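Asks: Below is the file target.cif, with mmCIF, C-alpha atoms.
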data_target
#
loop_
_atom_site.label_atom_id
_atom_site.label_comp_id
_atom_site.auth_asym_id
_atom_site.auth_seq_id
_atom_site.Cartn_x
_atom_site.Cartn_y
_atom_site.Cartn_z
CA MET H 1089 115.42 114.84 114.60
CA PRO H 1090 116.05 115.35 110.89
CA VAL H 1091 119.42 116.80 110.03
CA ALA H 1092 119.48 119.70 107.61
CA ARG H 1093 120.89 119.03 104.16
CA LEU H 1094 124.59 119.67 104.16
CA PRO H 1095 125.77 122.91 102.60
CA LEU H 1096 127.78 121.53 99.70
CA VAL H 1097 128.11 124.88 97.90
CA THR H 1098 127.21 123.13 94.67
CA THR H 1099 126.30 126.27 92.78
CA GLU H 1100 129.55 127.97 93.55
CA LEU H 1101 131.65 124.92 92.67
CA ASP H 1102 129.70 124.51 89.48
CA ALA H 1103 130.45 128.07 88.42
CA LEU H 1104 134.11 127.68 89.36
CA LEU H 1105 134.43 124.46 87.36
CA ARG H 1106 133.07 126.20 84.29
CA GLN H 1107 135.68 128.91 84.70
CA VAL H 1108 138.39 126.29 85.20
CA ALA H 1109 137.25 124.69 81.95
CA ARG H 1110 138.05 128.02 80.32
CA ARG H 1111 141.56 127.86 81.80
CA ASP H 1112 140.97 130.42 84.54
CA VAL H 1113 143.85 130.00 87.00
CA ASP H 1114 142.24 132.14 89.71
CA ALA H 1115 139.07 130.07 89.56
CA PHE H 1116 141.21 126.94 89.78
CA ALA H 1117 142.92 128.31 92.91
CA THR H 1118 139.54 129.04 94.51
CA PHE H 1119 138.20 125.63 93.54
CA TYR H 1120 141.29 124.05 95.11
CA ASP H 1121 140.86 126.07 98.31
CA ARG H 1122 137.21 125.09 98.63
CA THR H 1123 137.86 121.40 98.20
CA ARG H 1124 141.49 120.65 99.10
CA ALA H 1125 140.87 119.40 102.64
CA ARG H 1126 138.22 116.95 101.50
CA VAL H 1127 140.39 115.60 98.70
CA PHE H 1128 143.65 115.42 100.61
CA GLY H 1129 141.87 113.94 103.63
CA LEU H 1130 140.25 111.18 101.61
CA VAL H 1131 143.44 110.39 99.74
CA THR H 1132 145.39 110.27 102.99
CA ARG H 1133 142.79 108.02 104.54
CA VAL H 1134 143.12 105.58 101.66
CA LEU H 1135 146.90 105.74 101.08
CA ARG H 1136 148.09 106.37 104.66
CA ASP H 1137 151.36 107.74 103.36
CA PRO H 1138 151.94 111.51 103.35
CA GLY H 1139 154.27 111.49 100.35
CA TYR H 1140 152.05 109.35 98.16
CA SER H 1141 149.02 111.33 99.28
CA GLU H 1142 150.53 114.64 98.30
CA GLU H 1143 151.61 113.26 94.94
CA THR H 1144 148.21 111.73 94.27
CA THR H 1145 146.38 114.90 95.32
CA GLN H 1146 148.50 116.83 92.86
CA ASP H 1147 147.61 114.37 90.10
CA ILE H 1148 143.93 114.69 90.98
CA TYR H 1149 143.90 118.47 90.69
CA LEU H 1150 145.89 118.42 87.47
CA GLN H 1151 143.23 116.08 86.15
CA VAL H 1152 140.62 118.60 87.30
CA TRP H 1153 142.46 121.31 85.40
CA ARG H 1154 142.62 119.25 82.24
CA THR H 1155 139.16 117.71 82.32
CA ALA H 1156 136.94 120.30 84.03
CA ASP H 1157 134.84 120.61 80.90
CA SER H 1158 133.96 116.93 81.02
CA TYR H 1159 131.97 117.64 84.19
CA ASP H 1160 128.32 117.05 83.38
CA PRO H 1161 125.96 118.81 85.83
CA SER H 1162 123.12 116.51 84.84
CA ALA H 1163 125.12 113.53 86.15
CA GLY H 1164 125.63 114.85 89.69
CA SER H 1165 127.09 117.60 91.85
CA PRO H 1166 130.56 119.03 91.22
CA LEU H 1167 131.69 117.74 94.61
CA ALA H 1168 130.54 114.21 93.76
CA TRP H 1169 132.37 114.46 90.44
CA LEU H 1170 135.54 115.58 92.23
CA MET H 1171 135.40 113.06 95.07
CA THR H 1172 134.66 110.21 92.66
CA LEU H 1173 137.70 111.19 90.62
CA ALA H 1174 139.80 111.52 93.79
CA HIS H 1175 138.69 108.18 95.22
CA ARG H 1176 139.32 106.40 91.92
CA ARG H 1177 142.86 107.76 91.80
CA ALA H 1178 143.57 106.87 95.41
CA VAL H 1179 142.21 103.34 95.04
CA ASP H 1180 144.17 102.79 91.83
CA ARG H 1181 147.29 103.92 93.62
CA VAL H 1182 146.73 101.74 96.65
CA ARG H 1183 146.05 98.71 94.46
CA SER H 1184 149.17 99.25 92.40
CA GLU H 1185 151.21 99.65 95.59
CA GLN H 1186 149.65 96.49 96.97
CA ALA H 1187 150.41 94.62 93.79
CA ALA H 1188 153.98 95.90 93.86
CA SER H 1189 154.84 95.31 97.48
CA GLN H 1190 152.07 93.25 99.03
CA ARG H 1191 151.62 96.19 101.34
CA GLU H 1192 150.44 95.11 104.72
CA SER H 1193 146.80 96.03 104.91
CA ARG H 1194 145.96 97.60 108.20
CA TYR H 1195 142.34 97.19 108.90
CA GLY H 1196 140.10 96.78 111.87
CA ALA H 1197 137.43 98.67 113.64
CA ALA H 1198 136.25 101.61 111.60
CA ASN H 1199 137.76 104.79 112.87
CA VAL H 1200 136.28 107.83 111.22
CA ASP H 1201 137.69 110.45 113.57
CA PRO H 1202 140.95 111.88 112.32
CA PRO H 1203 143.46 113.10 114.89
CA SER H 1204 142.21 116.37 116.33
CA ASP H 1205 145.31 118.33 115.35
CA GLN H 1206 144.52 117.67 111.69
CA VAL H 1207 141.04 119.05 111.80
CA ALA H 1208 140.51 121.48 108.96
CA ASP H 1209 140.02 124.98 110.27
CA SER H 1210 136.77 125.68 108.55
CA VAL H 1211 133.77 126.19 110.76
CA ILE H 1212 131.37 124.87 108.15
CA LEU H 1213 133.48 121.85 107.49
CA ARG H 1214 133.79 121.22 111.23
CA ASP H 1215 130.04 121.33 111.56
CA GLU H 1216 129.58 119.00 108.63
CA ARG H 1217 132.25 116.72 110.00
CA ARG H 1218 130.34 116.38 113.25
CA GLN H 1219 127.09 115.60 111.46
CA VAL H 1220 128.72 113.05 109.20
CA ALA H 1221 130.60 111.44 112.08
CA ASP H 1222 127.31 111.15 113.97
CA CYS H 1223 125.74 109.52 110.94
CA LEU H 1224 128.60 107.09 110.49
CA GLY H 1225 128.17 106.32 114.16
CA SER H 1226 124.52 105.52 113.57
CA LEU H 1227 125.38 102.61 111.24
CA THR H 1228 125.68 99.08 112.56
CA ASP H 1229 129.23 97.88 113.21
CA ALA H 1230 128.92 95.44 110.31
CA GLN H 1231 127.83 98.17 107.92
CA ARG H 1232 130.57 100.54 109.02
CA GLU H 1233 133.17 97.81 108.66
CA CYS H 1234 132.08 97.23 105.06
CA ILE H 1235 132.46 100.92 104.22
CA GLN H 1236 135.83 101.01 105.94
CA LEU H 1237 137.21 98.01 104.06
CA ALA H 1238 135.73 98.80 100.66
CA TYR H 1239 135.90 102.56 100.51
CA TYR H 1240 138.84 103.48 102.72
CA ASP H 1241 141.00 100.36 102.44
CA GLY H 1242 140.36 99.92 98.73
CA LEU H 1243 139.28 96.28 98.93
CA THR H 1244 136.87 94.86 96.39
CA TYR H 1245 133.57 93.48 97.62
CA VAL H 1246 134.97 90.00 96.90
CA GLN H 1247 137.96 90.67 99.16
CA VAL H 1248 135.67 92.14 101.81
CA SER H 1249 133.58 88.98 101.80
CA GLU H 1250 136.71 86.85 102.19
CA ARG H 1251 138.01 89.09 104.95
CA LEU H 1252 134.76 88.92 106.87
CA SER H 1253 133.91 85.32 105.94
CA ALA H 1254 130.51 86.45 104.76
CA ASN H 1255 128.89 85.60 101.46
CA LEU H 1256 128.93 88.02 98.56
CA ALA H 1257 125.23 88.80 98.65
CA THR H 1258 125.46 89.69 102.33
CA ILE H 1259 128.36 92.05 101.71
CA LYS H 1260 126.64 93.77 98.81
CA SER H 1261 123.46 94.33 100.77
CA ARG H 1262 125.43 95.58 103.80
CA MET H 1263 127.12 98.14 101.58
CA ARG H 1264 123.82 99.21 100.14
CA ASP H 1265 122.18 99.44 103.55
CA ALA H 1266 125.11 101.45 104.86
CA ILE H 1267 124.70 104.01 102.07
CA ARG H 1268 120.95 104.18 102.61
CA GLY H 1269 121.43 104.67 106.32
CA LEU H 1270 123.88 107.49 105.69
CA ARG H 1271 121.58 109.16 103.19
CA ARG H 1272 118.66 109.07 105.58
CA CYS H 1273 120.72 110.36 108.46
CA LEU H 1274 122.25 113.15 106.33
CA GLY H 1275 118.83 114.23 105.11
CA MET H 1276 119.74 113.48 101.49
CA THR H 1277 116.73 111.41 100.55
CA MET U 1457 112.16 104.08 93.46
CA THR U 1458 111.72 101.79 90.47
CA GLU U 1459 111.50 98.16 91.47
CA PRO U 1460 114.56 96.71 89.77
CA THR U 1461 113.90 93.75 87.50
CA ASP U 1462 117.52 92.61 87.52
CA PRO U 1463 118.34 92.43 91.22
CA ASP U 1464 121.75 90.81 90.61
CA LEU U 1465 122.87 93.73 88.51
CA ILE U 1466 121.35 96.39 90.77
CA ALA U 1467 123.06 94.83 93.77
CA LEU U 1468 126.39 95.59 92.11
CA ALA U 1469 125.64 99.31 91.78
CA THR U 1470 126.87 100.18 95.29
CA PRO U 1471 130.20 98.32 95.08
CA TYR U 1472 130.59 99.67 91.55
CA ALA U 1473 130.11 103.26 92.73
CA LEU U 1474 132.50 102.67 95.65
CA HIS U 1475 135.19 101.46 93.18
CA ALA U 1476 134.96 98.12 94.94
CA VAL U 1477 134.38 95.70 92.10
CA PRO U 1478 137.36 93.70 90.80
CA GLU U 1479 138.85 95.06 87.56
CA THR U 1480 137.96 91.76 85.90
CA GLU U 1481 134.25 92.36 86.50
CA LEU U 1482 134.12 96.02 85.46
CA ALA U 1483 133.70 95.57 81.73
CA ASP U 1484 131.09 92.89 82.24
CA ILE U 1485 129.03 95.10 84.56
CA GLU U 1486 129.22 98.03 82.18
CA ARG U 1487 128.15 95.82 79.28
CA ARG U 1488 125.23 94.46 81.27
CA VAL U 1489 124.09 97.96 82.21
CA SER U 1490 124.24 99.21 78.64
CA ALA U 1491 122.33 96.14 77.44
CA ALA U 1492 119.76 96.32 80.25
CA PRO U 1493 116.19 97.57 79.79
CA PRO U 1494 115.96 101.34 80.37
CA ASP U 1495 114.32 101.04 83.80
CA VAL U 1496 117.05 98.70 85.05
CA ALA U 1497 119.83 100.89 83.64
CA GLN U 1498 118.14 103.91 85.21
CA ALA U 1499 117.88 102.17 88.59
CA PHE U 1500 121.57 101.25 88.39
CA ASP U 1501 122.58 104.80 87.48
CA ASP U 1502 120.38 106.29 90.19
CA GLU U 1503 122.01 104.07 92.77
CA VAL U 1504 125.53 104.93 91.55
CA ARG U 1505 124.70 108.59 91.66
CA ALA U 1506 123.19 108.36 95.14
CA VAL U 1507 126.29 106.57 96.44
CA ARG U 1508 128.60 109.20 94.94
CA GLU U 1509 126.63 112.10 96.37
CA THR U 1510 126.59 110.37 99.75
CA MET U 1511 130.32 109.76 99.81
CA ALA U 1512 130.92 113.35 98.67
CA ALA U 1513 129.03 114.47 101.79
CA VAL U 1514 130.89 111.91 103.91
CA SER U 1515 134.22 113.40 102.78
CA ALA U 1516 133.69 116.08 105.42
CA ALA U 1517 134.45 113.41 108.04
CA THR U 1518 137.98 112.76 106.80
CA ALA U 1519 138.96 116.30 105.79
CA VAL U 1520 142.61 117.14 106.42
CA GLU U 1521 144.47 120.24 105.27
CA PRO U 1522 147.18 119.43 102.72
CA PRO U 1523 150.68 120.87 103.04
CA HIS U 1524 150.85 124.47 101.88
CA GLN U 1525 153.53 123.85 99.26
CA LEU U 1526 151.10 121.70 97.29
CA ARG U 1527 149.03 124.77 96.43
CA ASP U 1528 152.07 126.65 95.17
CA ARG U 1529 153.23 123.70 93.11
CA LEU U 1530 149.83 123.22 91.51
CA LEU U 1531 149.38 126.87 90.65
CA THR U 1532 152.85 127.04 89.17
CA GLU U 1533 152.10 123.98 87.11
CA VAL U 1534 148.77 125.14 85.71
CA SER U 1535 149.95 128.71 85.15
CA SER U 1536 152.73 127.44 82.93
CA ASP U 1537 150.47 125.04 81.08
CA PRO U 1538 151.77 125.43 77.52
CA VAL U 1539 148.28 125.16 76.06
CA ARG U 1540 147.23 128.24 77.93
CA VAL U 1541 150.25 130.30 77.07
CA LEU U 1542 150.55 129.36 73.43
CA ARG U 1543 147.00 128.98 72.32
CA PRO U 1544 145.83 132.43 71.22
CA LYS U 1545 148.79 133.26 69.03
CA ARG U 1546 149.43 129.82 67.63
CA TRP U 1547 145.81 129.10 66.96
CA GLN U 1548 145.54 132.13 64.75
CA THR U 1549 148.65 131.20 62.86
CA ILE U 1550 147.80 127.56 62.42
CA VAL U 1551 144.22 127.96 61.41
CA LEU U 1552 144.88 130.84 59.05
CA ALA U 1553 147.70 128.91 57.40
CA ALA U 1554 145.46 125.93 56.98
CA ALA U 1555 142.66 128.04 55.67
CA ALA U 1556 144.91 129.60 53.07
CA ALA U 1557 146.32 126.27 52.02
CA LEU U 1558 142.92 124.70 51.70
CA VAL U 1559 141.26 127.74 50.14
CA ILE U 1560 138.34 127.72 52.48
CA GLY U 1561 138.21 131.47 52.87
CA LEU U 1562 138.12 131.89 56.61
CA GLY U 1563 137.98 135.31 58.17
CA ALA U 1564 140.22 136.50 60.96
CA LEU U 1565 139.99 134.15 63.88
CA GLY U 1566 139.42 134.85 67.52
CA VAL U 1567 140.93 133.07 70.43
CA GLY U 1568 140.40 129.33 70.63
CA MET U 1569 138.04 127.85 73.12
CA ALA U 1570 138.29 125.08 75.65
CA LEU U 1571 136.32 122.00 74.72
CA ARG U 1572 136.67 118.47 75.92
CA PRO U 1573 139.42 117.53 76.03
CA THR U 1574 141.53 120.61 76.06
CA PRO U 1575 142.49 121.81 72.58
CA SER U 1576 146.13 121.28 72.05
CA PRO U 1577 148.17 123.03 69.39
CA SER U 1578 150.02 119.83 68.70
CA THR U 1579 146.80 118.02 67.82
CA ALA U 1580 145.88 120.75 65.34
CA GLU U 1581 149.39 120.79 63.92
CA GLN U 1582 149.30 117.05 63.48
CA VAL U 1583 145.94 117.20 61.72
CA PHE U 1584 147.06 119.91 59.31
CA ALA U 1585 150.29 118.07 58.60
CA ALA U 1586 148.66 114.66 58.13
CA PRO U 1587 148.95 113.06 54.69
CA ASP U 1588 145.25 112.20 54.73
CA VAL U 1589 143.96 115.62 55.84
CA ARG U 1590 140.45 116.38 54.56
CA THR U 1591 138.10 119.33 54.82
CA VAL U 1592 134.33 119.38 54.92
CA SER U 1593 132.29 122.54 55.13
CA GLY U 1594 128.61 123.34 55.37
CA ALA U 1595 126.23 126.23 55.89
CA ILE U 1596 124.45 126.45 59.25
CA PRO U 1597 120.72 127.04 58.51
CA SER U 1598 120.52 129.95 60.95
CA GLY U 1599 123.55 131.59 59.35
CA GLY U 1600 127.30 131.11 59.20
CA THR U 1601 129.43 128.14 58.26
CA ALA U 1602 131.03 125.21 60.02
CA THR U 1603 134.21 123.66 58.66
CA VAL U 1604 136.00 120.56 59.90
CA VAL U 1605 139.58 119.85 58.93
CA PHE U 1606 140.28 116.27 59.96
CA SER U 1607 142.57 113.30 59.64
CA ARG U 1608 141.58 109.67 60.17
CA GLU U 1609 145.19 108.75 60.60
CA LYS U 1610 145.54 111.23 63.46
CA ASN U 1611 142.05 110.41 64.70
CA ALA U 1612 141.34 114.09 65.26
CA GLY U 1613 139.82 117.13 63.65
CA VAL U 1614 139.63 120.89 64.00
CA LEU U 1615 136.26 122.59 63.87
CA VAL U 1616 136.05 126.19 62.70
CA MET U 1617 132.76 128.05 62.96
CA ASN U 1618 132.36 131.37 61.20
CA ASN U 1619 129.63 133.93 61.76
CA VAL U 1620 127.46 131.44 63.62
CA ALA U 1621 124.93 133.13 65.90
CA PRO U 1622 125.44 132.37 69.62
CA PRO U 1623 122.89 130.03 71.25
CA GLN U 1624 119.74 131.53 72.75
CA PRO U 1625 120.04 132.48 76.45
CA GLY U 1626 119.63 129.43 78.66
CA THR U 1627 120.84 127.04 75.96
CA VAL U 1628 124.14 125.77 74.59
CA TYR U 1629 125.25 124.25 71.33
CA GLN U 1630 126.41 120.70 71.74
CA MET U 1631 128.48 118.80 69.21
CA TRP U 1632 128.12 115.07 68.64
CA LEU U 1633 130.31 112.61 66.85
CA VAL U 1634 127.91 110.04 65.44
CA ASP U 1635 129.02 106.49 64.70
CA ALA U 1636 127.15 103.22 64.18
CA LYS U 1637 126.38 103.09 67.89
CA GLY U 1638 124.89 106.58 68.00
CA PRO U 1639 125.94 110.08 69.07
CA HIS U 1640 128.82 110.76 71.47
CA SER U 1641 129.20 114.21 72.96
CA ALA U 1642 132.14 116.19 71.60
CA GLY U 1643 131.64 119.20 73.85
CA THR U 1644 129.40 122.22 74.26
CA MET U 1645 129.59 125.93 73.52
CA ASP U 1646 127.66 128.60 75.31
CA ALA U 1647 127.03 132.14 74.15
CA LYS U 1648 130.37 133.28 75.53
CA ASN U 1649 132.25 130.60 73.56
CA VAL U 1650 130.73 131.48 70.21
CA ALA U 1651 132.70 134.38 68.82
CA PRO U 1652 132.41 135.54 65.19
CA SER U 1653 134.98 132.84 64.60
CA THR U 1654 135.24 129.86 66.91
CA THR U 1655 137.68 126.98 66.77
CA ALA U 1656 137.69 123.70 68.65
CA VAL U 1657 139.64 120.46 68.53
CA LEU U 1658 137.73 117.21 68.06
CA PRO U 1659 140.25 114.91 69.66
CA ASP U 1660 138.79 111.44 69.12
CA LEU U 1661 136.94 110.84 65.89
CA GLY U 1662 136.82 107.07 66.33
CA ASP U 1663 134.57 105.56 63.69
CA SER U 1664 132.28 108.56 63.59
CA GLN U 1665 130.78 109.39 60.21
CA THR U 1666 129.01 112.62 61.08
CA LEU U 1667 129.46 115.70 63.24
CA ALA U 1668 126.02 116.89 64.41
CA PHE U 1669 125.00 120.01 66.32
CA THR U 1670 122.04 120.29 68.68
CA VAL U 1671 120.63 122.89 71.03
CA GLU U 1672 120.77 121.63 74.63
CA PRO U 1673 120.17 122.93 78.14
CA PRO U 1674 123.13 124.56 79.94
CA GLY U 1675 125.92 122.09 80.60
CA GLY U 1676 124.84 119.89 77.73
CA SER U 1677 123.09 116.53 77.71
CA ALA U 1678 124.23 112.93 77.86
CA GLN U 1679 122.28 112.24 74.67
CA PRO U 1680 120.75 114.71 72.19
CA THR U 1681 117.35 115.97 73.32
CA SER U 1682 116.48 117.65 70.04
CA ALA U 1683 116.97 117.06 66.33
CA PRO U 1684 120.31 118.32 65.02
CA PHE U 1685 120.17 121.78 63.44
CA ALA U 1686 123.26 121.01 61.38
CA LYS U 1687 125.25 117.96 60.31
CA LEU U 1688 128.59 117.57 58.59
CA PRO U 1689 129.51 114.25 57.01
CA LEU U 1690 133.06 113.29 57.98
CA VAL U 1691 133.90 111.55 54.72
#
Go ahead and render the structure in this file as structure tokens.
Replies:
Amino acid sequence: MPVARLPLVTTELDALLRQVARRDVDAFATFYDRTRARVFGLVTRVLRDPGYSEETTQDIYLQVWRTADSYDPSAGSPLAWLMTLAHRRAVDRVRSEQAASQRESRYGAANVDPPSDQVADSVILRDERRQVADCLGSLTDAQRECIQLAYYDGLTYVQVSERLSANLATIKSRMRDAIRGLRRCLGMT
Amino acid sequence: MTEPTDPDLIALATPYALHAVPETELADIERRVSAAPPDVAQAFDDEVRAVRETMAAVSAATAVEPPHQLRDRLLTEVSSDPVRVLRPKRWQTIVLAAAAALVIGLGALGVGMALRPTPSPSTAEQVFAAPDVRTVSGAIPSGGTATVVFSREKNAGVLVMNNVAPPQPGTVYQMWLVDAKGPHSAGTMDAKNVAPSTTAVLPDLGDSQTLAFTVEPPGGSAQPTSAPFAKLPLV
């Protein structure tokens, strides 16, 4: 059964970003409210430390405030722009922490279900969450592990290949297949 | 989908988009993409874009509400952003002073506009105070004038547009700094941005020799899609 395309409220976010680019604080507040759970959740998943996550989320939204007019609609959706920026920041932070303290990397079976008490209280988001979790569940274990290590643990594909004792080409194609599987399942192709 | 002719490069698109290539490989990948034939570069970009859209959708799976105090802190921070508070008054003062000093006969100026990156009074101040400050001015064929006050030493300029007609509905004006490698976007203005007098900071002149203006679809383009309707030599 095909899954309906997820309601990403692109048009609304696009309009809000344009207003933010014109230094509209109210629009910024609304943009934050529409996206904060996604951003903070991703950052927390990558950093695993509440203090760092809060700090990094703040940096991300200040960057949104300062650079909203660099958003180019022809290059992708506003949410993709935001989440790319957020993930980049989180990964940079985790790598600098690792470099500083050789932080113990906790990895293992992919676990995409956050604790239930942290579930964002948005009905739409809950519905999307279920769909996405189902889709992540439809990947092979090997594919899901690649996404976990590369995207959520901030490892490079070279480190992933070392971790899994698989060659580089295998890891790259697993990542690609994982994304394709997700796209198909989410009805994005 | 285009059949990629450089499978090694295309295979890196997914890790690249996931921020999962080692820092040491980043520059090399970006150089290879920019040197690749258009269909390969397009296939790489399409893949990067697809990955980013996918992970944006996947972010629903990890959503967690942040602590409430974060919202308050952020709003306090952006509300007290000095650029926002100071800009209207200081812009008028600075630009009028500069106009008088340089005898370029500008009319009364409206409020500044937000371009990329955010105009900052200090950038304008630095440009006007720079020992190597220069001014170039030209008529826009459809009416009005564009003036750039700039400093190579400060690597920045201030654009002032007077009596320039707003873009047609459904289009924007886009500014380009053109250097030996071609045009680089310096921001867009839509009808709402173009007042009788419009000012904007050009924060990174680099090696650009020309400021060009084109008409583009809303949101602007990555590269110009039409011939410039005006050009100012930055020399």
Asks: Near chain H, meaning an atom within 6 Å, which residues of chain U appear when counting only C-alpha atoms? Write them as a ChimeraX atom specification.
Replies: /U:1470,1474,1476-1478,1508-1509,1512,1514-1522,1570,1572
Asks: Tell me, in Å to one decimal, how far CA of Gly1643 (chain U) is from CA of Val1507 (chain U).
Replies: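 Calculated distance between CA of Gly1643 (chain U) and CA of Val1507 (chain U) is 26.4 Å.
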Asks: In Å, rounded to a single decimal, give me how far CA of Val1489 (chain U) is from CA of Ala1612 (chain U).
Replies: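 Rounded to one decimal, the two atoms are 29.1 Å apart.
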Asks: From the options H:Cys1273, H:Ala1115, H:Val1134, H:Ala1230, which residue's atoms come nearest to Leu1252 (chain H), counting all atoms listed in the file?
Replies: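 Ranked by minimum distance to Leu1252 (chain H), first place goes to H:Ala1230.
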Asks: In Å, rounded to a single decimal, give me how far CA of Pro1680 (chain U) is from CA of Gln1665 (chain U).
Replies: 16.5 Å
Asks: Given the choices U:Val1620, U:Leu1633, U:Met1511, U:Leu1667, which gets closest to His1475 (chain U) if the distance is worked out from all atoms listed in the file?
Replies: U:Met1511
Asks: Can you turn the PyMOL selection byres ((chain U and resi 1622) around 7) into a concrete residue list for this file, as a ChimeraX atom specification?
Replies: /U:1620-1621,1623-1624,1647,1650
Asks: May I ask which of the residues H:Asp1137, H:Arg1232, H:Gly1225, H:Gln1151 is the closest one to Glu1185 (chain H), counting all atoms listed in the file?
Replies: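 Of H:Asp1137, H:Arg1232, H:Gly1225, H:Gln1151, the one nearest Glu1185 (chain H) is H:Asp1137, counting all atoms listed in the file.
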Asks: Near region 1586-1594 of chain U, counting all atoms listed in the file, which residues have an atom at most 9 Å away, once you skip same-chain residues fewer than 5 positions from it, shown as a VMD selection string?
Replies: chain U and resid 1558 1560 1581 1600 to 1610 1613 1686 to 1691
Asks: With the file shown as input, list the residues that the PyMOL selection byres ((chain U and resi 1461-1468) around 9) selects, as a ChimeraX atom specification.
Replies: /H:1257,1260-1261,1264 /U:1458-1460,1469-1473,1477,1485,1488-1489,1492-1493,1495-1497,1499-1500,1503
Asks: Counting only C-alpha atoms, what is within 12 Å of Gly1626 (chain U), bar same-chain residues fewer than 5 positions away, as a list in words?
Replies: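 These residues fall inside the cut-off: Met1645, Asp1646, Ala1647, Lys1648, Val1671, Glu1672, Pro1673, Pro1674, Gly1675 and Gly1676 of chain U.
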